[in-house]
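Chemist: For reference, the file work_8.cif (mmCIF, C-alpha atoms (C1' of nucleotides)) is included below:
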data_final
#
loop_
_atom_site.label_atom_id
_atom_site.label_comp_id
_atom_site.auth_asym_id
_atom_site.auth_seq_id
_atom_site.Cartn_x
_atom_site.Cartn_y
_atom_site.Cartn_z
CA MET A 1 -53.97 -20.17 -29.41
CA LYS A 2 -50.61 -19.43 -27.92
CA LYS A 3 -48.33 -17.14 -29.83
CA THR A 4 -44.87 -18.37 -30.78
CA LYS A 5 -41.86 -16.81 -29.16
CA ARG A 6 -41.05 -15.14 -32.43
CA GLU A 7 -44.47 -13.58 -32.69
CA ARG A 8 -44.38 -12.36 -29.14
CA LEU A 9 -40.98 -10.79 -29.51
CA GLU A 10 -41.83 -9.17 -32.81
CA ALA A 11 -45.04 -7.83 -31.37
CA SER A 12 -42.98 -6.11 -28.70
CA GLY A 13 -40.68 -4.51 -31.23
CA TRP A 14 -38.06 -7.17 -31.80
CA LYS A 15 -37.15 -8.66 -35.09
CA VAL A 16 -36.05 -12.23 -34.62
CA GLY A 17 -34.10 -14.28 -37.07
CA THR A 18 -30.96 -16.26 -37.51
CA VAL A 19 -27.56 -14.97 -36.58
CA ALA A 20 -26.89 -14.71 -40.30
CA GLU A 21 -29.85 -12.39 -40.70
CA PHE A 22 -28.81 -10.28 -37.75
CA LEU A 23 -25.32 -9.84 -39.14
CA GLU A 24 -26.80 -9.36 -42.62
CA LEU A 25 -24.72 -12.12 -44.11
CA THR A 26 -25.25 -13.28 -47.65
CA PRO A 27 -25.91 -16.99 -48.13
CA GLU A 28 -22.34 -17.36 -49.36
CA GLU A 29 -20.93 -15.70 -46.27
CA SER A 30 -23.08 -17.89 -44.07
CA ALA A 31 -21.98 -21.01 -45.90
CA LEU A 32 -18.32 -20.14 -45.43
CA ILE A 33 -18.81 -19.55 -41.72
CA GLU A 34 -20.66 -22.82 -41.34
CA ILE A 35 -17.89 -24.64 -43.15
CA LYS A 36 -15.34 -23.21 -40.75
CA LEU A 37 -17.44 -24.01 -37.69
CA ALA A 38 -18.02 -27.56 -38.87
CA LEU A 39 -14.28 -28.00 -39.26
CA SER A 40 -13.68 -26.52 -35.80
CA ARG A 41 -16.05 -28.97 -34.18
CA GLU A 42 -14.68 -31.95 -36.05
CA LEU A 43 -11.12 -30.90 -35.34
CA ARG A 44 -11.77 -30.86 -31.60
CA GLU A 45 -13.48 -34.22 -31.81
CA ARG A 46 -10.62 -35.85 -33.68
CA ARG A 47 -7.82 -34.15 -31.79
CA GLN A 48 -9.16 -35.08 -28.36
CA LYS A 49 -9.06 -38.75 -29.26
CA ARG A 50 -5.42 -38.58 -30.19
CA MET A 51 -3.40 -35.85 -28.54
CA THR A 52 -3.26 -32.58 -26.64
CA GLN A 53 -3.51 -29.18 -28.28
CA ALA A 54 0.19 -28.66 -27.65
CA GLN A 55 1.06 -31.88 -29.45
CA LEU A 56 -1.05 -31.00 -32.44
CA ALA A 57 0.45 -27.54 -32.48
CA GLU A 58 3.91 -29.03 -32.75
CA LYS A 59 2.88 -31.22 -35.66
CA ILE A 60 1.73 -28.25 -37.68
CA GLN A 61 4.46 -25.97 -36.38
CA SER A 62 2.00 -23.71 -34.67
CA SER A 63 1.22 -22.94 -31.05
CA GLN A 64 -1.18 -24.27 -28.45
CA SER A 65 -3.03 -20.98 -28.34
CA ARG A 66 -3.67 -21.08 -32.06
CA VAL A 67 -5.00 -24.62 -31.88
CA ALA A 68 -7.30 -23.56 -29.05
CA LYS A 69 -8.58 -20.72 -31.21
CA ALA A 70 -9.06 -23.06 -34.15
CA GLU A 71 -11.18 -25.38 -32.01
CA THR A 72 -13.27 -22.61 -30.51
CA GLY A 73 -14.06 -21.07 -33.88
CA HIS A 74 -12.17 -17.89 -33.25
CA GLY A 75 -12.52 -15.50 -36.18
CA SER A 76 -8.82 -15.00 -36.61
CA VAL A 77 -8.26 -18.58 -37.70
CA SER A 78 -8.06 -19.24 -41.42
CA LEU A 79 -9.69 -22.05 -43.31
CA GLU A 80 -6.20 -23.11 -44.28
CA LEU A 81 -5.06 -23.59 -40.69
CA LEU A 82 -8.19 -25.58 -39.94
CA VAL A 83 -7.53 -27.92 -42.84
CA ARG A 84 -3.85 -28.27 -41.98
CA ALA A 85 -4.82 -29.20 -38.45
CA MET A 86 -7.37 -31.72 -39.67
CA LEU A 87 -4.77 -33.33 -41.89
CA ALA A 88 -2.39 -33.50 -38.93
CA THR A 89 -4.94 -35.50 -36.98
CA GLY A 90 -4.80 -38.02 -39.78
CA ALA A 91 -7.94 -36.92 -41.55
CA SER A 92 -7.98 -37.74 -45.26
CA PRO A 93 -9.17 -35.28 -47.92
CA LYS A 94 -12.21 -37.48 -48.24
CA GLU A 95 -13.05 -37.10 -44.56
CA ILE A 96 -12.45 -33.36 -44.73
CA GLY A 97 -14.68 -33.15 -47.77
CA LYS A 98 -17.41 -34.91 -45.88
CA VAL A 99 -17.21 -32.44 -43.01
CA ILE A 100 -17.41 -29.52 -45.40
CA ALA A 101 -20.36 -31.01 -47.23
CA GLY A 102 -22.00 -31.10 -43.84
CA GLY A 103 -25.55 -32.19 -43.30
CA GLN A 104 -26.44 -30.84 -46.68
CA LYS A 105 -28.92 -32.27 -49.15
CA MET B 1 14.34 -54.74 -73.09
CA LYS B 2 13.92 -51.00 -73.17
CA LYS B 3 14.71 -49.09 -70.04
CA THR B 4 12.06 -46.84 -68.56
CA LYS B 5 12.57 -43.11 -68.62
CA ARG B 6 13.12 -43.22 -64.92
CA GLU B 7 15.85 -45.81 -65.18
CA ARG B 8 17.60 -43.96 -67.95
CA LEU B 9 17.53 -40.68 -66.09
CA GLU B 10 18.69 -42.22 -62.85
CA ALA B 11 21.49 -44.02 -64.63
CA SER B 12 22.69 -40.65 -65.87
CA GLY B 13 22.72 -39.15 -62.42
CA TRP B 14 19.17 -37.93 -62.04
CA LYS B 15 16.84 -38.85 -59.29
CA VAL B 16 13.30 -38.85 -60.55
CA GLY B 17 10.20 -38.71 -58.47
CA THR B 18 7.09 -36.75 -57.83
CA VAL B 19 7.07 -33.02 -57.39
CA ALA B 20 6.24 -33.68 -53.76
CA GLU B 21 9.41 -35.73 -53.36
CA PHE B 22 11.51 -33.11 -55.08
CA LEU B 23 10.21 -30.41 -52.82
CA GLU B 24 10.41 -32.77 -49.84
CA LEU B 25 6.80 -32.29 -48.90
CA THR B 26 5.18 -34.29 -46.15
CA PRO B 27 2.03 -36.21 -47.11
CA GLU B 28 0.01 -33.55 -45.30
CA GLU B 29 1.62 -30.75 -47.24
CA SER B 30 1.01 -32.62 -50.48
CA ALA B 31 -2.60 -33.21 -49.59
CA LEU B 32 -3.17 -29.54 -48.90
CA ILE B 33 -1.63 -28.54 -52.21
CA GLU B 34 -3.71 -31.08 -54.06
CA ILE B 35 -6.84 -29.78 -52.38
CA LYS B 36 -6.03 -26.27 -53.51
CA LEU B 37 -5.22 -27.34 -57.05
CA ALA B 38 -8.41 -29.37 -57.31
CA LEU B 39 -10.38 -26.31 -56.25
CA SER B 40 -8.51 -24.15 -58.77
CA ARG B 41 -9.38 -26.49 -61.62
CA GLU B 42 -12.99 -26.82 -60.59
CA LEU B 43 -13.31 -23.09 -60.09
CA ARG B 44 -12.18 -22.40 -63.64
CA GLU B 45 -14.53 -25.04 -64.97
CA ARG B 46 -17.55 -23.64 -63.16
CA ARG B 47 -16.72 -20.00 -63.67
CA GLN B 48 -16.24 -20.32 -67.43
CA LYS B 49 -19.73 -21.70 -67.80
CA ARG B 50 -21.27 -18.71 -66.08
CA MET B 51 -19.27 -15.51 -66.21
CA THR B 52 -15.98 -13.74 -66.85
CA GLN B 53 -13.22 -13.43 -64.28
CA ALA B 54 -14.11 -9.77 -63.86
CA GLN B 55 -17.72 -10.60 -63.07
CA LEU B 56 -16.76 -13.21 -60.51
CA ALA B 57 -14.30 -10.78 -58.97
CA GLU B 58 -17.06 -8.27 -58.46
CA LYS B 59 -19.25 -10.84 -56.74
CA ILE B 60 -16.60 -11.61 -54.15
CA GLN B 61 -15.35 -8.04 -53.97
CA SER B 62 -12.00 -8.95 -55.35
CA SER B 63 -10.17 -8.18 -58.58
CA GLN B 64 -9.82 -9.88 -61.93
CA SER B 65 -6.14 -10.46 -61.36
CA ARG B 66 -6.81 -12.29 -58.13
CA VAL B 67 -9.39 -14.53 -59.78
CA ALA B 68 -6.89 -15.30 -62.53
CA LYS B 69 -4.34 -16.27 -59.89
CA ALA B 70 -6.90 -18.41 -58.09
CA GLU B 71 -7.63 -20.31 -61.28
CA THR B 72 -3.99 -20.79 -62.19
CA GLY B 73 -3.08 -22.14 -58.78
CA HIS B 74 -0.86 -19.26 -57.85
CA GLY B 75 0.74 -19.82 -54.47
CA SER B 76 -0.37 -16.50 -53.06
CA VAL B 77 -4.03 -17.50 -53.13
CA SER B 78 -5.54 -18.76 -49.90
CA LEU B 79 -7.83 -21.72 -49.49
CA GLU B 80 -10.38 -19.27 -48.18
CA LEU B 81 -10.43 -17.20 -51.37
CA LEU B 82 -10.79 -20.36 -53.43
CA VAL B 83 -13.79 -21.47 -51.41
CA ARG B 84 -15.37 -18.02 -51.48
CA ALA B 85 -15.01 -17.99 -55.25
CA MET B 86 -16.51 -21.45 -55.55
CA LEU B 87 -19.49 -20.39 -53.48
CA ALA B 88 -19.91 -17.34 -55.69
CA THR B 89 -20.23 -19.59 -58.73
CA GLY B 90 -23.16 -21.17 -56.97
CA ALA B 91 -21.35 -24.22 -55.70
CA SER B 92 -22.88 -25.75 -52.59
CA PRO B 93 -20.85 -26.92 -49.60
CA LYS B 94 -21.66 -30.42 -50.73
CA GLU B 95 -20.14 -29.82 -54.16
CA ILE B 96 -17.10 -28.19 -52.61
CA GLY B 97 -16.72 -31.13 -50.27
CA LYS B 98 -16.76 -33.47 -53.20
CA VAL B 99 -14.00 -31.55 -54.96
CA ILE B 100 -11.87 -31.61 -51.84
CA ALA B 101 -12.43 -35.31 -51.34
CA GLY B 102 -11.07 -35.68 -54.83
CA GLY B 103 -10.57 -38.98 -56.52
CA GLN B 104 -9.77 -40.50 -53.19
CA LYS B 105 -10.66 -43.94 -51.93
"C1'" DT C 1 -4.80 -3.56 -90.10
"C1'" DG C 2 -6.83 -1.81 -85.49
"C1'" DT C 3 -10.03 -2.33 -81.74
"C1'" DC C 4 -12.17 -4.84 -78.25
"C1'" DA C 5 -12.74 -8.47 -74.78
"C1'" DT C 6 -10.62 -11.68 -71.89
"C1'" DC C 7 -7.12 -13.54 -69.20
"C1'" DA C 8 -2.11 -13.67 -67.19
"C1'" DT C 9 1.52 -11.67 -64.53
"C1'" DG C 10 4.20 -8.38 -61.70
"C1'" DT C 11 4.23 -4.92 -58.06
"C1'" DC C 12 2.96 -2.82 -53.79
"C1'" DA C 13 0.86 -0.72 -49.64
"C1'" DG C 14 -2.49 -2.07 -46.45
"C1'" DA C 15 -5.12 -5.68 -44.19
"C1'" DT C 16 -5.26 -10.12 -42.24
"C1'" DT C 17 -3.34 -14.05 -40.11
"C1'" DC C 18 0.54 -15.88 -38.19
"C1'" DG C 19 3.40 -18.00 -34.13
"C1'" DA C 20 4.92 -16.79 -29.72
"C1'" DC C 21 4.29 -15.43 -25.22
"C1'" DA C 22 1.96 -14.23 -20.88
"C1'" DT C 23 -1.54 -15.27 -18.11
"C1'" DA C 24 -6.12 -16.97 -16.46
"C1'" DT C 25 -9.17 -20.87 -15.53
"C1'" DA C 26 -10.27 -25.50 -14.35
"C1'" DG C 27 -9.41 -30.25 -13.23
"C1'" DT C 28 -6.40 -33.75 -11.01
"C1'" DT C 29 -3.32 -35.65 -7.90
"C1'" DA C 30 -0.58 -35.62 -3.84
"C1'" DT D 1 -2.99 -26.90 0.55
"C1'" DA D 2 0.38 -26.90 -3.55
"C1'" DA D 3 1.91 -28.62 -7.89
"C1'" DC D 4 0.92 -30.08 -12.39
"C1'" DT D 5 -1.63 -30.60 -16.83
"C1'" DA D 6 -4.73 -28.98 -20.29
"C1'" DT D 7 -7.18 -25.37 -22.34
"C1'" DA D 8 -8.79 -20.38 -23.19
"C1'" DT D 9 -7.88 -15.63 -24.11
"C1'" DG D 10 -5.41 -11.29 -25.00
"C1'" DT D 11 -1.52 -8.94 -27.13
"C1'" DC D 12 2.08 -8.03 -30.44
"C1'" DG D 13 5.55 -7.78 -34.14
"C1'" DA D 14 6.38 -10.45 -38.24
"C1'" DA D 15 4.84 -12.98 -42.16
"C1'" DT D 16 1.39 -13.78 -45.44
"C1'" DC D 17 -2.43 -12.54 -48.30
"C1'" DT D 18 -5.23 -8.94 -49.97
"C1'" DG D 19 -7.34 -5.77 -53.67
"C1'" DA D 20 -5.90 -2.50 -56.89
"C1'" DC D 21 -3.43 -1.15 -60.70
"C1'" DA D 22 -0.48 -1.43 -64.80
"C1'" DT D 23 0.70 -3.94 -68.52
"C1'" DG D 24 1.33 -7.91 -71.69
"C1'" DA D 25 -0.59 -11.75 -74.44
"C1'" DT D 26 -4.13 -13.81 -77.21
"C1'" DG D 27 -8.09 -14.29 -79.98
"C1'" DA D 28 -12.24 -12.49 -82.35
"C1'" DC D 29 -14.14 -9.41 -85.38
"C1'" DA D 30 -14.38 -5.57 -88.41
#
Translate this file's structure into structure tokens.

Modeler:
Amino acid sequence: MKKTKRERLEASGWKVGTVAEFLELTPEESALIEIKLALSRELRERRQKRMTQAQLAEKIQSSQSRVAKAETGHGSVSLELLVRAMLATGASPKEIGKVIAGGQK
Amino acid sequence: MKKTKRERLEASGWKVGTVAEFLELTPEESALIEIKLALSRELRERRQKRMTQAQLAEKIQSSQSRVAKAETGHGSVSLELLVRAMLATGASPKEIGKVIAGGQK
DNA sequence: TGTCATCATGTCAGATTCGACATATAGTTA
DNA sequence: TAACTATATGTCGAATCTGACATGATGACA
């Protein structure tokens, strides 16, 4: 029977796991990061349908570079900026809540 | 017929409206504030059932005073800290999403 | 009464996040 | 080819938010 990739890598000295495991994140830290990434993805989705990054930036009195960072999940972007940007695309709190809830059971 | 409080106040020179109107907040700004306040209220609710402010503070590597400010809706508390605190009470992203969605249609 | 536990509030130096700007990359159109 | 538009990335000084600490208020219990 063929070994899995995980087994083969571990046999050769590697430990394989999720990014969260590698970075030794607690479940809470992982959840926060996933919330932010989900918002990033949804922000891009919504924004692209409606306007350019520069236009969104103006609406939230920010800059194009910051919007780009928000959409690419750059670590320097706060949850607050992500939510402000979502609201500026016309997203309702209900829609934002749904994104944060994610695919979760 | 009895005048409403609003009519009486306006007749005497007052303009009466919501806090948002008084502060001249855009709908987006109002929505963000309501999201933060909803999280504050829910945080207190959940935290009280499980632990003291000092215990929660330790879990998120913060301080009792900051938790107190989070629960009282102090303006200096970020959305991120509110969400981290919620997660530390055991709230799932789904539950957090529900709080953010609020009573909204 | 005094002590203890819990929470609220103010301050502050340090850390984080901010908007702005420069610049690079990529796609489009002429 | 050049010019233009949209986006990505790095830097930086300023603004915001941080944890820590001190202290006050309140209630419970001896």

Chemist: For this structure, which residues satisfy the selection - the PyMOL selection byres ((chain A) within 10 of (chain D)) - when it is evaluated on the file as given? I want them as a ChimeraX atom specification.

Modeler: /A:52-54,64-65,67-69,72

Chemist: Check which residues satisfy the PyMOL selection byres ((chain C) within 10 of (chain B)) in the file shown, then give them as a list in words.

Modeler: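 On this input, the PyMOL selection byres ((chain C) within 10 of (chain B)) captures DT6, DC7, DA8 and DT9 of chain C.
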
Chemist: When the cut-off is 10 Å and we count all atoms listed in the file, which residues of chain B are near chain A, given as a PDB file with C-alpha atoms, in the coordinates of the input?

Modeler:
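File written: part_26.pdb
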ATOM      1  CA  PRO B  27       2.030 -36.210 -47.110  1.00  0.00           C
ATOM      2  CA  GLU B  28       0.010 -33.550 -45.300  1.00  0.00           C
ATOM      3  CA  GLU B  29       1.620 -30.750 -47.240  1.00  0.00           C
ATOM      4  CA  ALA B  31      -2.600 -33.210 -49.590  1.00  0.00           C
ATOM      5  CA  LEU B  32      -3.170 -29.540 -48.900  1.00  0.00           C
ATOM      6  CA  GLU B  34      -3.710 -31.080 -54.060  1.00  0.00           C
ATOM      7  CA  ILE B  35      -6.840 -29.780 -52.380  1.00  0.00           C
ATOM      8  CA  LYS B  36      -6.030 -26.270 -53.510  1.00  0.00           C
ATOM      9  CA  ILE B  60     -16.600 -11.610 -54.150  1.00  0.00           C
ATOM     10  CA  SER B  78      -5.540 -18.760 -49.900  1.00  0.00           C
ATOM     11  CA  LEU B  79      -7.830 -21.720 -49.490  1.00  0.00           C
ATOM     12  CA  GLU B  80     -10.380 -19.270 -48.180  1.00  0.00           C
ATOM     13  CA  LEU B  81     -10.430 -17.200 -51.370  1.00  0.00           C
ATOM     14  CA  VAL B  83     -13.790 -21.470 -51.410  1.00  0.00           C
ATOM     15  CA  ARG B  84     -15.370 -18.020 -51.480  1.00  0.00           C
ATOM     16  CA  ALA B  85     -15.010 -17.990 -55.250  1.00  0.00           C
ATOM     17  CA  MET B  86     -16.510 -21.450 -55.550  1.00  0.00           C
ATOM     18  CA  LEU B  87     -19.490 -20.390 -53.480  1.00  0.00           C
ATOM     19  CA  ALA B  88     -19.910 -17.340 -55.690  1.00  0.00           C
ATOM     20  CA  THR B  89     -20.230 -19.590 -58.730  1.00  0.00           C
ATOM     21  CA  GLY B  90     -23.160 -21.170 -56.970  1.00  0.00           C
ATOM     22  CA  ALA B  91     -21.350 -24.220 -55.700  1.00  0.00           C
ATOM     23  CA  SER B  92     -22.880 -25.750 -52.590  1.00  0.00           C
ATOM     24  CA  PRO B  93     -20.850 -26.920 -49.600  1.00  0.00           C
ATOM     25  CA  LYS B  94     -21.660 -30.420 -50.730  1.00  0.00           C
ATOM     26  CA  GLU B  95     -20.140 -29.820 -54.160  1.00  0.00           C
ATOM     27  CA  ILE B  96     -17.100 -28.190 -52.610  1.00  0.00           C
ATOM     28  CA  GLY B  97     -16.720 -31.130 -50.270  1.00  0.00           C
ATOM     29  CA  LYS B  98     -16.760 -33.470 -53.200  1.00  0.00           C
ATOM     30  CA  VAL B  99     -14.000 -31.550 -54.960  1.00  0.00           C
ATOM     31  CA  ILE B 100     -11.870 -31.610 -51.840  1.00  0.00           C
ATOM     32  CA  ALA B 101     -12.430 -35.310 -51.340  1.00  0.00           C
ATOM     33  CA  GLY B 102     -11.070 -35.680 -54.830  1.00  0.00           C
ATOM     34  CA  GLY B 103     -10.570 -38.980 -56.520  1.00  0.00           C
ATOM     35  CA  GLN B 104      -9.770 -40.500 -53.190  1.00  0.00           C
ATOM     36  CA  LYS B 105     -10.660 -43.940 -51.930  1.00  0.00           C
TER      37      LYS B 105
END

Chemist: Report the centre and edge lengths, in Å to one decimal, of an axis-aligned box enclosing every atom of range 44-51 of chain A listed in the file, padded by 8 Å on each side, as JSON.

Modeler:
{"center_x": -8.4, "center_y": -34.8, "center_z": -31.0, "size_x": 26.1, "size_y": 23.9, "size_z": 21.3}

Chemist: Do you have the CA of Ser40 in chain A-CA of Glu71 in chain A distance handy?

Modeler: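 Spanning CA of Ser40 in chain A to CA of Glu71 in chain A is a straight-line distance of 4.7 Å.
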
Chemist: Provide the CA of Val16 in chain B to CA of Lys59 in chain A distance in Å, to one decimal place.

Modeler: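 Between these atoms lies a distance of 28.0 Å.
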
Chemist: Between CA of Thr18 in chain A and CA of Gly75 in chain A, measure the distance and give it in Å to one decimal.

Modeler: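 Taking CA of Thr18 in chain A and CA of Gly75 in chain A, their separation equals 18.5 Å.
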
Chemist: Apply the PyMOL selection byres ((chain C and resi 18-26) around 6) to the displayed file and report the matching residues as a PyMOL selection string.

Modeler: (chain A and resi 62) or (chain C and resi 17+27)

Chemist: In terms of the shortest atom-to-atom distance over only C-alpha atoms, which of A:Gln55, A:Gln61, A:Leu82, A:Gly73 is closest to Ile33 in chain A?

Modeler: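 Using only C-alpha atoms, Ile33 in chain A sits closest to A:Gly73.
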